[in-house]
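Enquirer: Provided herewith: model.txt, compact mmCIF, C-alpha atoms and all ligand atoms.
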```txt
# COMPACT_ATOMS: atom_id res chain seq x y z
CA MET R 7 17.60 -30.61 13.64
CA ARG R 8 18.27 -29.05 17.07
CA ILE R 9 21.99 -29.16 17.96
CA PRO R 10 23.24 -27.85 21.32
CA PHE R 11 26.62 -26.12 21.54
CA SER R 12 28.39 -28.07 24.26
CA PRO R 13 26.40 -30.59 26.34
CA PRO R 14 28.38 -32.42 29.04
CA PHE R 15 29.61 -35.96 28.38
CA ILE R 16 27.59 -38.06 30.87
CA ASP R 17 27.72 -41.81 30.27
CA GLN R 18 27.00 -44.75 32.57
CA ASP R 19 30.55 -44.66 34.01
CA VAL R 20 30.08 -41.03 35.08
CA ILE R 21 26.73 -41.84 36.67
CA SER R 22 28.16 -44.90 38.46
CA GLU R 23 31.11 -42.92 39.83
CA VAL R 24 28.78 -40.22 41.19
CA ILE R 25 26.45 -42.82 42.74
CA ASP R 26 29.47 -44.51 44.27
CA THR R 27 30.33 -41.18 45.94
CA LEU R 28 26.78 -40.68 47.19
CA GLU R 29 26.71 -44.18 48.67
CA SER R 30 30.17 -43.88 50.23
CA GLY R 31 28.98 -41.49 52.92
CA TRP R 32 31.59 -38.87 51.96
CA ILE R 33 30.68 -36.13 49.47
CA THR R 34 33.11 -33.24 50.05
CA THR R 35 36.89 -33.17 49.50
CA GLY R 36 38.26 -36.66 50.05
CA PRO R 37 39.27 -39.81 48.12
CA LYS R 38 37.65 -38.91 44.75
CA VAL R 39 39.49 -35.58 44.64
CA LYS R 40 42.76 -37.37 45.50
CA ALA R 41 42.10 -39.87 42.70
CA LEU R 42 41.33 -37.09 40.20
CA GLU R 43 44.51 -35.26 41.17
CA GLY R 44 46.41 -38.50 40.56
CA GLU R 45 44.84 -38.90 37.11
CA VAL R 46 45.75 -35.32 36.13
CA CYS R 47 49.35 -36.06 37.19
CA ARG R 48 49.32 -39.25 35.10
CA LEU R 49 47.89 -37.49 32.03
CA THR R 50 50.28 -34.53 32.14
CA GLY R 51 53.41 -35.93 33.78
CA VAL R 52 53.36 -33.22 36.46
CA SER R 53 54.32 -34.30 39.98
CA GLN R 54 51.72 -32.27 41.91
CA THR R 55 48.12 -31.36 41.06
CA LEU R 56 45.71 -29.55 43.35
CA CYS R 57 42.00 -29.51 42.54
CA VAL R 58 39.90 -26.42 43.29
CA ASN R 59 36.31 -25.32 42.65
CA SER R 60 37.04 -23.29 39.48
CA TRP R 61 39.82 -22.04 37.24
CA THR R 62 39.07 -18.51 38.45
CA SER R 63 39.47 -19.32 42.15
CA GLY R 64 42.61 -21.35 41.38
CA ALA R 65 44.13 -18.35 39.60
CA ILE R 66 43.31 -16.05 42.52
CA LEU R 67 44.98 -18.58 44.84
CA VAL R 68 48.17 -18.71 42.76
CA LEU R 69 48.34 -14.91 42.48
CA LYS R 70 47.94 -14.56 46.26
CA TRP R 71 50.42 -17.37 46.91
CA PHE R 72 52.94 -15.44 44.76
CA GLY R 73 52.29 -12.30 46.81
CA ILE R 74 50.52 -10.26 44.14
CA GLN R 75 49.24 -7.00 45.53
CA GLU R 76 47.93 -3.60 44.56
CA GLY R 77 49.91 -1.96 41.78
CA ASP R 78 51.53 -5.17 40.52
CA GLU R 79 51.14 -5.94 36.82
CA VAL R 80 50.20 -9.24 35.18
CA ILE R 81 50.58 -9.52 31.41
CA ILE R 82 47.69 -11.31 29.68
CA PRO R 83 46.32 -11.45 26.12
CA ALA R 84 43.36 -9.18 25.25
CA TYR R 85 41.78 -12.16 23.51
CA THR R 86 40.55 -14.56 26.21
CA TYR R 87 37.64 -15.23 28.49
CA SER R 88 37.38 -12.40 31.04
CA ALA R 89 38.24 -14.65 34.01
CA THR R 90 41.91 -14.30 33.02
CA ALA R 91 41.74 -10.57 33.77
CA LEU R 92 39.19 -10.77 36.58
CA ALA R 93 41.47 -12.98 38.69
CA VAL R 94 44.12 -10.25 38.42
CA LEU R 95 41.65 -7.49 39.33
CA HIS R 96 40.41 -9.52 42.34
CA CYS R 97 43.95 -9.31 43.74
CA GLY R 98 44.07 -5.53 43.25
CA ALA R 99 46.65 -5.85 40.48
CA VAL R 100 46.60 -4.46 36.93
CA PRO R 101 45.93 -6.76 33.97
CA VAL R 102 48.24 -5.49 31.22
CA MET R 103 46.66 -6.63 27.97
CA VAL R 104 48.67 -7.41 24.84
CA ASP R 105 47.62 -8.42 21.34
CA VAL R 106 47.60 -11.96 19.94
CA ASN R 107 48.74 -13.67 16.75
CA GLU R 108 46.51 -14.75 13.91
CA ASP R 109 46.48 -18.28 15.40
CA PHE R 110 44.93 -16.84 18.62
CA THR R 111 48.04 -17.38 20.79
CA VAL R 112 49.64 -14.47 22.64
CA ASN R 113 52.20 -12.37 20.74
CA ILE R 114 55.63 -12.75 22.36
CA ASP R 115 57.04 -9.43 21.07
CA ALA R 116 53.99 -7.70 22.53
CA ILE R 117 54.72 -9.33 25.90
CA ARG R 118 58.34 -8.15 25.78
CA ALA R 119 57.23 -4.60 24.99
CA ALA R 120 54.77 -4.64 27.91
CA VAL R 121 57.23 -5.70 30.63
CA THR R 122 57.87 -3.05 33.29
CA GLU R 123 59.42 -3.01 36.75
CA LYS R 124 55.95 -3.78 38.12
CA THR R 125 55.48 -6.98 36.06
CA LYS R 126 55.19 -10.02 38.33
CA ILE R 127 53.45 -12.68 36.23
CA ILE R 128 53.02 -13.53 32.55
CA MET R 129 49.84 -15.44 31.83
CA PRO R 130 49.55 -16.93 28.30
CA VAL R 131 46.23 -18.53 27.28
CA ASP R 132 45.86 -21.69 25.16
CA ILE R 133 42.83 -20.55 23.18
CA ALA R 134 40.74 -23.40 21.75
CA GLY R 135 43.25 -25.91 23.14
CA LEU R 136 46.23 -24.82 21.03
CA PRO R 137 49.32 -24.19 23.19
CA CYS R 138 51.23 -20.90 23.06
CA ASP R 139 54.93 -20.67 22.17
CA TYR R 140 56.06 -21.62 25.66
CA ASP R 141 59.77 -21.99 24.86
CA ALA R 142 59.73 -18.33 23.82
CA VAL R 143 57.87 -17.23 26.98
CA ASN R 144 60.11 -19.29 29.27
CA MET R 145 63.21 -17.91 27.55
CA LEU R 146 61.88 -14.37 27.80
CA VAL R 147 61.50 -14.42 31.61
CA ASN R 148 65.08 -15.70 31.91
CA GLU R 149 66.62 -13.03 29.66
CA PRO R 150 69.10 -10.94 31.71
CA GLY R 151 67.48 -7.64 30.66
CA ILE R 152 64.02 -8.86 31.65
CA LYS R 153 65.26 -10.37 34.93
CA LEU R 154 66.86 -7.03 35.82
CA LYS R 155 63.42 -5.43 35.63
CA PHE R 156 61.98 -7.91 38.15
CA ARG R 157 61.50 -6.33 41.60
CA PRO R 158 60.50 -9.11 44.03
CA THR R 159 58.27 -8.03 46.92
CA SER R 160 57.37 -11.39 48.53
CA ALA R 161 59.24 -14.45 49.78
CA ASN R 162 58.09 -16.61 46.85
CA GLN R 163 59.02 -13.87 44.36
CA ARG R 164 62.50 -13.68 45.85
CA LYS R 165 62.78 -17.46 45.80
CA LEU R 166 61.89 -17.64 42.08
CA GLY R 167 64.02 -14.63 41.19
CA ARG R 168 62.11 -13.85 38.01
CA MET R 169 58.59 -13.35 36.65
CA LEU R 170 56.28 -16.34 37.11
CA VAL R 171 54.85 -18.00 33.99
CA LEU R 172 51.29 -19.04 34.78
CA SER R 173 49.50 -20.84 31.96
CA ASP R 174 45.75 -20.30 31.51
CA ALA R 175 45.15 -23.80 30.21
CA ALA R 176 41.39 -23.69 30.81
CA HIS R 177 40.99 -25.16 27.29
CA SER R 178 44.08 -27.27 26.85
CA ILE R 179 44.07 -30.43 28.97
CA GLY R 180 45.46 -33.15 26.70
CA ALA R 181 47.21 -30.73 24.33
CA SER R 182 50.98 -30.78 23.77
CA TYR R 183 53.84 -28.51 22.71
CA ARG R 184 57.14 -29.87 21.34
CA GLY R 185 56.29 -33.31 22.68
CA LYS R 186 55.46 -32.12 26.20
CA PRO R 187 51.91 -32.17 27.58
CA ALA R 188 50.08 -29.07 28.85
CA GLY R 189 50.64 -29.11 32.62
CA ILE R 190 54.45 -29.18 32.51
CA LEU R 191 55.06 -26.37 30.01
CA THR R 192 55.36 -23.57 32.57
CA ASP R 193 55.91 -22.95 36.31
CA ILE R 194 52.22 -23.35 37.08
CA THR R 195 49.34 -24.42 34.82
CA ILE R 196 45.65 -24.17 35.62
CA PHE R 197 42.99 -26.26 33.86
CA SER R 198 39.25 -25.55 34.05
CA PHE R 199 36.68 -28.29 34.65
CA HIS R 200 33.71 -25.99 34.00
CA ALA R 201 30.68 -27.71 32.45
CA VAL R 202 31.64 -26.80 28.85
CA LYS R 203 35.31 -27.80 29.06
CA ASN R 204 36.80 -31.04 27.63
CA ILE R 205 36.74 -32.66 31.08
CA THR R 206 34.22 -31.38 33.59
CA THR R 207 33.40 -31.64 37.28
CA GLY R 208 30.33 -29.40 36.87
CA GLU R 209 32.46 -26.56 38.18
CA GLY R 210 36.12 -27.02 39.01
CA GLY R 211 39.74 -26.55 38.16
CA ALA R 212 43.17 -28.09 38.66
CA ILE R 213 46.46 -26.38 39.50
CA CYS R 214 49.54 -28.21 38.18
CA ILE R 215 52.61 -27.25 40.20
CA ASN R 216 55.81 -27.50 38.16
CA LEU R 217 58.03 -24.96 39.94
CA PRO R 218 61.81 -25.09 39.49
CA VAL R 219 64.30 -25.63 42.33
CA PRO R 220 64.68 -24.37 45.02
CA PHE R 221 60.91 -24.91 45.25
CA ASP R 222 59.78 -28.30 46.55
CA CYS R 223 56.57 -28.94 44.60
CA ALA R 224 55.23 -31.41 47.19
CA GLU R 225 55.67 -28.75 49.91
CA GLU R 226 54.01 -26.09 47.76
CA TYR R 227 51.10 -28.49 47.14
CA LYS R 228 50.57 -28.75 50.91
CA ILE R 229 50.69 -24.96 51.32
CA MET R 230 48.36 -24.28 48.40
CA ARG R 231 45.99 -26.94 49.72
CA LEU R 232 45.77 -25.00 53.00
CA TRP R 233 44.97 -21.95 50.87
CA THR R 234 41.89 -23.80 49.51
CA LEU R 235 40.62 -24.66 53.02
CA ASN R 236 40.57 -21.37 54.93
CA GLY R 237 44.18 -21.93 55.95
CA GLN R 238 42.96 -24.76 58.19
CA THR R 239 45.68 -27.25 59.03
CA LYS R 240 43.44 -30.32 58.99
CA ASP R 241 40.77 -31.03 56.38
CA ALA R 242 37.34 -32.43 57.26
CA PHE R 243 38.19 -35.88 55.86
CA THR R 244 41.29 -36.26 58.03
CA LYS R 245 39.34 -35.09 61.07
CA SER R 246 36.58 -37.59 60.26
CA GLN R 247 39.05 -40.47 60.34
CA GLY R 248 38.71 -40.00 64.07
CA GLY R 249 40.57 -41.09 67.16
CA GLY R 250 42.20 -39.26 70.07
CA ASN R 251 43.01 -35.67 69.30
CA SER R 252 42.30 -35.81 65.55
CA TRP R 253 39.59 -33.15 66.05
CA LYS R 254 42.24 -30.49 66.83
CA TYR R 255 43.29 -28.05 64.14
CA ASP R 256 44.80 -24.63 63.67
CA ILE R 257 44.14 -21.74 61.28
CA ALA R 258 47.63 -21.02 59.99
CA PHE R 259 46.81 -17.95 57.84
CA GLN R 260 43.90 -16.26 56.08
CA GLY R 261 43.15 -18.55 53.16
CA LEU R 262 40.26 -18.91 50.72
CA LYS R 263 37.49 -21.55 50.69
CA ILE R 264 37.75 -23.01 47.24
CA ASN R 265 38.17 -26.79 47.66
CA MET R 266 36.58 -29.24 45.22
CA PRO R 267 33.92 -31.61 46.62
CA ASP R 268 34.19 -35.38 45.93
CA ILE R 269 30.72 -35.39 44.36
CA CYS R 270 32.06 -33.07 41.64
CA ALA R 271 35.41 -34.85 41.31
CA ALA R 272 33.55 -38.11 40.59
CA ILE R 273 32.27 -36.74 37.24
CA GLY R 274 35.74 -35.69 36.11
CA LEU R 275 37.32 -38.87 37.42
CA ALA R 276 35.13 -41.06 35.20
CA GLN R 277 35.78 -38.78 32.20
CA ILE R 278 39.55 -38.43 32.57
CA LYS R 279 39.95 -42.23 32.66
CA LYS R 280 38.64 -42.40 29.09
CA TYR R 281 39.88 -39.00 27.91
CA LYS R 282 42.85 -40.09 25.81
CA GLU R 283 41.22 -43.24 24.43
CA VAL R 284 37.63 -42.09 23.81
CA ILE R 285 36.80 -38.44 24.44
CA MET R 286 39.74 -36.75 22.67
CA PRO R 287 39.68 -39.04 19.60
CA GLU R 288 35.94 -38.38 19.24
CA ARG R 289 36.51 -34.62 19.39
CA LYS R 290 39.25 -35.08 16.78
CA ARG R 291 36.81 -36.98 14.54
CA VAL R 292 34.45 -33.99 14.61
CA ALA R 293 37.27 -31.52 13.86
CA GLN R 294 38.48 -33.64 10.95
CA ARG R 295 35.02 -33.86 9.41
CA TYR R 296 34.70 -30.05 9.63
CA HIS R 297 38.19 -29.74 8.11
CA GLU R 298 37.24 -31.97 5.17
CA PHE R 299 34.23 -29.81 4.40
CA PHE R 300 35.62 -26.32 4.98
CA SER R 301 39.03 -26.96 3.38
CA LYS R 302 37.18 -27.03 0.05
CA LYS R 303 35.64 -23.58 0.66
CA SER R 304 37.80 -20.67 -0.45
CA TRP R 305 35.96 -18.34 1.98
CA ALA R 306 36.82 -20.39 5.06
CA GLN R 307 39.91 -20.12 7.28
CA LEU R 308 40.45 -23.35 9.20
CA PRO R 309 41.68 -23.35 12.81
CA ILE R 310 45.07 -24.97 13.46
CA MET R 311 44.60 -28.38 15.09
CA ALA R 312 48.22 -29.49 14.81
CA ASP R 313 51.50 -28.25 13.34
CA GLU R 314 55.20 -29.05 13.71
CA ASP R 315 55.28 -27.97 17.35
CA ARG R 316 51.79 -28.26 18.67
CA ASN R 317 48.84 -30.59 19.09
CA SER R 318 45.50 -29.14 20.05
CA CYS R 319 43.06 -31.01 22.29
CA TYR R 320 40.14 -29.93 20.06
CA HIS R 321 38.38 -27.79 22.65
CA LEU R 322 36.87 -25.35 20.16
CA TYR R 323 36.43 -25.41 16.41
CA ALA R 324 37.10 -21.72 15.75
CA LEU R 325 36.16 -21.24 12.12
CA ARG R 326 36.82 -17.87 10.49
CA MET R 327 35.44 -16.42 7.28
CA ASN R 328 37.82 -14.53 5.00
CA ASP R 329 36.94 -10.95 4.19
CA ILE R 330 33.78 -10.50 6.20
CA SER R 331 32.80 -7.78 8.63
CA GLU R 332 31.65 -8.17 12.22
CA GLU R 333 28.10 -7.28 11.12
CA GLU R 334 28.15 -9.95 8.40
CA ARG R 335 29.41 -12.51 10.90
CA ASP R 336 26.54 -11.56 13.21
CA GLU R 337 24.09 -12.05 10.32
CA MET R 338 25.54 -15.50 9.74
CA MET R 339 25.01 -16.34 13.42
CA VAL R 340 21.32 -15.40 13.10
CA SER R 341 20.91 -17.53 9.99
CA ILE R 342 22.59 -20.55 11.64
CA ALA R 343 20.40 -20.12 14.74
CA GLU R 344 17.35 -20.32 12.49
CA ASP R 345 18.46 -23.87 11.64
CA GLU R 346 18.49 -24.57 15.42
CA VAL R 347 22.26 -25.04 15.43
CA SER R 348 23.88 -23.46 18.52
CA VAL R 349 27.09 -21.65 17.68
CA ASN R 350 29.18 -19.16 19.62
CA VAL R 351 31.93 -16.58 19.33
CA HIS R 352 35.16 -17.15 21.25
CA PHE R 353 35.84 -14.52 22.38
CA ILE R 354 34.64 -10.94 22.55
CA PRO R 355 38.02 -9.28 23.20
CA MET R 356 37.98 -7.88 26.74
CA PRO R 357 38.58 -4.24 25.65
CA MET R 358 35.11 -4.38 24.01
CA LEU R 359 33.36 -5.18 27.33
CA THR R 360 32.00 -2.42 29.59
CA LEU R 361 34.11 -3.17 32.68
CA PHE R 362 37.35 -2.97 30.71
CA LYS R 363 36.25 -0.01 28.58
CA ASP R 364 35.52 1.83 31.84
CA LEU R 365 39.04 0.96 33.01
CA GLY R 366 40.45 2.63 29.89
CA TYR R 367 41.26 -0.29 27.57
CA ARG R 368 40.61 0.45 23.89
CA ILE R 369 39.99 -2.22 21.24
CA GLU R 370 41.89 -0.05 18.70
CA ASP R 371 45.07 -1.06 20.53
CA TYR R 372 44.45 -4.75 19.72
CA PRO R 373 43.88 -4.97 15.95
CA VAL R 374 44.61 -8.69 15.58
CA SER R 375 42.30 -9.55 18.48
CA TYR R 376 39.55 -7.54 16.83
CA ASP R 377 40.16 -9.13 13.43
CA ASN R 378 40.12 -12.66 14.92
CA TYR R 379 36.91 -11.89 16.79
CA SER R 380 35.09 -10.19 13.92
CA ARG R 381 35.43 -13.15 11.52
CA GLU R 382 35.01 -16.03 14.01
CA ILE R 383 32.25 -18.55 14.66
CA SER R 384 32.79 -21.50 17.05
CA LEU R 385 31.04 -24.63 15.85
CA PRO R 386 29.76 -27.39 18.15
CA ILE R 387 32.48 -29.96 18.94
CA TYR R 388 31.92 -32.89 21.33
CA PRO R 389 31.93 -36.71 21.28
CA GLN R 390 28.16 -37.14 21.04
CA LEU R 391 27.90 -35.40 17.62
CA THR R 392 26.98 -37.80 14.83
CA ASP R 393 28.39 -37.50 11.31
CA GLU R 394 24.89 -36.62 10.15
CA GLN R 395 24.70 -33.73 12.62
CA ILE R 396 28.16 -32.48 11.61
CA ASP R 397 27.12 -32.47 7.94
CA TYR R 398 23.96 -30.56 8.86
CA ILE R 399 26.03 -27.95 10.73
CA CYS R 400 28.38 -27.62 7.72
CA SER R 401 25.55 -26.98 5.29
CA SER R 402 23.90 -24.53 7.69
CA VAL R 403 27.15 -22.52 7.89
CA GLU R 404 27.59 -22.64 4.10
CA LYS R 405 24.02 -21.47 3.56
CA ALA R 406 24.56 -18.62 6.02
CA TYR R 407 27.73 -17.56 4.22
CA GLU R 408 26.08 -17.68 0.81
CA LYS R 409 23.30 -15.39 2.04
CA ILE R 410 25.75 -12.65 3.04
CA ALA R 411 27.95 -13.25 -0.02
CA GLN R 412 24.98 -12.65 -2.29
CA LYS R 413 24.27 -9.35 -0.59
CA VAL R 414 27.82 -8.15 -1.23
CA VAL R 415 27.59 -8.79 -4.99
C1 LIG R 501 36.48 -21.20 31.08
C2 LIG R 501 37.64 -20.29 31.10
C3 LIG R 501 38.17 -19.78 32.29
C4 LIG R 501 37.43 -19.85 33.61
O1 LIG R 501 37.19 -21.12 34.07
P1 LIG R 501 36.25 -21.31 35.34
O2 LIG R 501 36.56 -22.73 35.75
O3 LIG R 501 34.84 -21.14 34.86
O4 LIG R 501 36.62 -20.34 36.37
C5 LIG R 501 39.37 -19.08 32.27
N1 LIG R 501 40.02 -18.87 31.11
C6 LIG R 501 39.52 -19.30 29.94
C7 LIG R 501 40.30 -19.04 28.69
C8 LIG R 501 38.31 -20.01 29.89
O5 LIG R 501 37.79 -20.37 28.72
```
Show how you would write the structure in this file as structure tokens.

Expert:
Amino acid sequence: MRIPFSPPFIDQDVISEVIDTLESGWITTGPKVKALEGEVCRLTGVSQTLCVNSWTSGAILVLKWFGIQEGDEVIIPAYTYSATALAVLHCGAVPVMVDVNEDFTVNIDAIRAAVTEKTKIIMPVDIAGLPCDYDAVNMLVNEPGIKLKFRPTSANQRKLGRMLVLSDAAHSIGASYRGKPAGILTDITIFSFHAVKNITTGEGGAICINLPVPFDCAEEYKIMRLWTLNGQTKDAFTKSQGGGNSWKYDIAFQGLKINMPDICAAIGLAQIKKYKEVIMPERKRVAQRYHEFFSKKSWAQLPIMADEDRNSCYHLYALRMNDISEEERDEMMVSIAEDEVSVNVHFIPMPMLTLFKDLGYRIEDYPVSYDNYSREISLPIYPQLTDEQIDYICSSVEKAYEKIAQKVV
């Protein structure tokens, strides 16, 4: 039975919404993007959402908006997809990596220990869709001792008066922490709408602006929107509405070109409308069926889907095996692939990748990240999976484990 890892969710509503865009005569940034931004606001409770063409470009925008420049430091976990660090490098700043907890979320004590007078931003990552301890992070940046270390070098840094908390929520749309949805847990949150994410626009991302006073989030939305359109004061849609001098525009500053087209927004718009009622519950069904099976196996460590404080949005099912080595995990992956089941590892800690090794990061400094990585296999999780397929995946994983367990004995 051939089982893909993460095919996109494309039903008739998605197809109809895209066709509607094609037939409307307007395919780049316009009404569909506006509608998607509105739906993200509705889902998360945030007042302002700006769509962009990827999480990565959105992060670069926010870093530039905050005035990040060469020599500045941004604290991130070592255990994440590389885009978290690459966005920082693109701005000439230094990604300061810290270790994570056993539940994959960033370690708060490690963040505190990493703060210096160059630290400008703290960027936690909601791995697999499980939110970090945001109360702790938000409290940390407001601690008098930590605030004293903050040396603002831009107007927005002076206005905030402390380090910015920017959430890498690429995985966590629909998740919640202490009753509050991802999107309003920090100053700024960025979701990814990449093809494998819970909601997709093919490629895309959304920036949720939740800045405290004296910031006016509606004003910051307008400024960040200019950032996505080459700093151009009038977008193509507004110009197209025609009449008199509507063709005139100005270039206010040197921005980026990272706006989301309507043709992409249409896919996400159809999905987000049924996210809470259909897509998330279906992902939960898959996770629960895995839980039922693997909770009976003494060798399996189940991922946290919910606890007192947090609800995951079931982005990944990050299964770990107790007491196995990285090599044994790799052998299991080969065995599972032989059954035509596509599995993955989330993630190779960045200090193990060439770029970061060359920059001097060493995996020995991140023992929990390495341990999480070495014992992890991500199983397929998406609405289209049938119970029969899930059971097939479970037995394939069990068979793979038994093979390596026999070798040990
Ligand atoms: C997917 C992902 C990103 C990057 O998202 P893009 O939209 O592809 O730029 C960033 N961080 C994490 C944790 C991701 O998984």

Enquirer: Do you know which residues are at most 12 Å from Glu337 of chain R counting all atoms listed in the file, after dropping those on the same chain fewer than 3 positions away, and could you put them as a ChimeraX atom specification?

Expert: /R:330-334,340-344,380-381,383,403,405-411,413

Enquirer: One decimal, in Å: what's the spacing between atom CA of Ser402 of chain R and atom CA of Lys203 of chain R?

Expert: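 Here the two named atoms are 24.4 Å from each other.
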
Enquirer: Have a look at R:Tyr376, R:Tyr140, R:Phe11, R:Tyr320 and name the one nearest to Ala201 of chain R; count all atoms listed in the file.

Expert: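 Under the stated criterion, the closest residue is R:Phe11.
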
Enquirer: Check every protein, DNA and RNA residue against ligand LIG 501 (chain R), keep those with an atom at most 10 Å away (counting all atoms listed in the file), and present them as an mmCIF file with C-alpha atoms, in the coordinates of the input.

Expert:
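Result saved to selection10.cif:
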```cif
data_model
loop_
_atom_site.group_PDB
_atom_site.id
_atom_site.type_symbol
_atom_site.label_atom_id
_atom_site.label_comp_id
_atom_site.auth_asym_id
_atom_site.auth_seq_id
_atom_site.Cartn_x
_atom_site.Cartn_y
_atom_site.Cartn_z
ATOM 1 C CA VAL R 58 39.900 -26.420 43.290
ATOM 2 C CA ASN R 59 36.310 -25.320 42.650
ATOM 3 C CA SER R 60 37.040 -23.290 39.480
ATOM 4 C CA TRP R 61 39.820 -22.040 37.240
ATOM 5 C CA THR R 62 39.070 -18.510 38.450
ATOM 6 C CA SER R 63 39.470 -19.320 42.150
ATOM 7 C CA GLY R 64 42.610 -21.350 41.380
ATOM 8 C CA ALA R 65 44.130 -18.350 39.600
ATOM 9 C CA TYR R 85 41.780 -12.160 23.510
ATOM 10 C CA THR R 86 40.550 -14.560 26.210
ATOM 11 C CA TYR R 87 37.640 -15.230 28.490
ATOM 12 C CA SER R 88 37.380 -12.400 31.040
ATOM 13 C CA ALA R 89 38.240 -14.650 34.010
ATOM 14 C CA THR R 90 41.910 -14.300 33.020
ATOM 15 C CA ALA R 91 41.740 -10.570 33.770
ATOM 16 C CA LEU R 92 39.190 -10.770 36.580
ATOM 17 C CA ALA R 93 41.470 -12.980 38.690
ATOM 18 C CA PRO R 130 49.550 -16.930 28.300
ATOM 19 C CA VAL R 131 46.230 -18.530 27.280
ATOM 20 C CA ASP R 132 45.860 -21.690 25.160
ATOM 21 C CA ILE R 133 42.830 -20.550 23.180
ATOM 22 C CA ALA R 134 40.740 -23.400 21.750
ATOM 23 C CA GLY R 135 43.250 -25.910 23.140
ATOM 24 C CA SER R 173 49.500 -20.840 31.960
ATOM 25 C CA ASP R 174 45.750 -20.300 31.510
ATOM 26 C CA ALA R 175 45.150 -23.800 30.210
ATOM 27 C CA ALA R 176 41.390 -23.690 30.810
ATOM 28 C CA HIS R 177 40.990 -25.160 27.290
ATOM 29 C CA SER R 178 44.080 -27.270 26.850
ATOM 30 C CA ILE R 196 45.650 -24.170 35.620
ATOM 31 C CA PHE R 197 42.990 -26.260 33.860
ATOM 32 C CA SER R 198 39.250 -25.550 34.050
ATOM 33 C CA PHE R 199 36.680 -28.290 34.650
ATOM 34 C CA HIS R 200 33.710 -25.990 34.000
ATOM 35 C CA ALA R 201 30.680 -27.710 32.450
ATOM 36 C CA VAL R 202 31.640 -26.800 28.850
ATOM 37 C CA LYS R 203 35.310 -27.800 29.060
ATOM 38 C CA THR R 206 34.220 -31.380 33.590
ATOM 39 C CA THR R 207 33.400 -31.640 37.280
ATOM 40 C CA GLY R 208 30.330 -29.400 36.870
ATOM 41 C CA GLU R 209 32.460 -26.560 38.180
ATOM 42 C CA GLY R 210 36.120 -27.020 39.010
ATOM 43 C CA GLY R 211 39.740 -26.550 38.160
ATOM 44 C CA ALA R 212 43.170 -28.090 38.660
ATOM 45 C CA HIS R 321 38.380 -27.790 22.650
ATOM 46 C CA LEU R 322 36.870 -25.350 20.160
ATOM 47 C CA HIS R 352 35.160 -17.150 21.250
ATOM 48 C CA PHE R 353 35.840 -14.520 22.380
#
```

Enquirer: Identify which of the residues R:Phe299, R:Asn317, R:Asp336, R:Phe221 lies closest to Tyr398 of chain R, counting all atoms listed in the file when measuring atom-to-atom distances.

Expert: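 Among the listed residues, R:Phe299 lies closest to Tyr398 of chain R.
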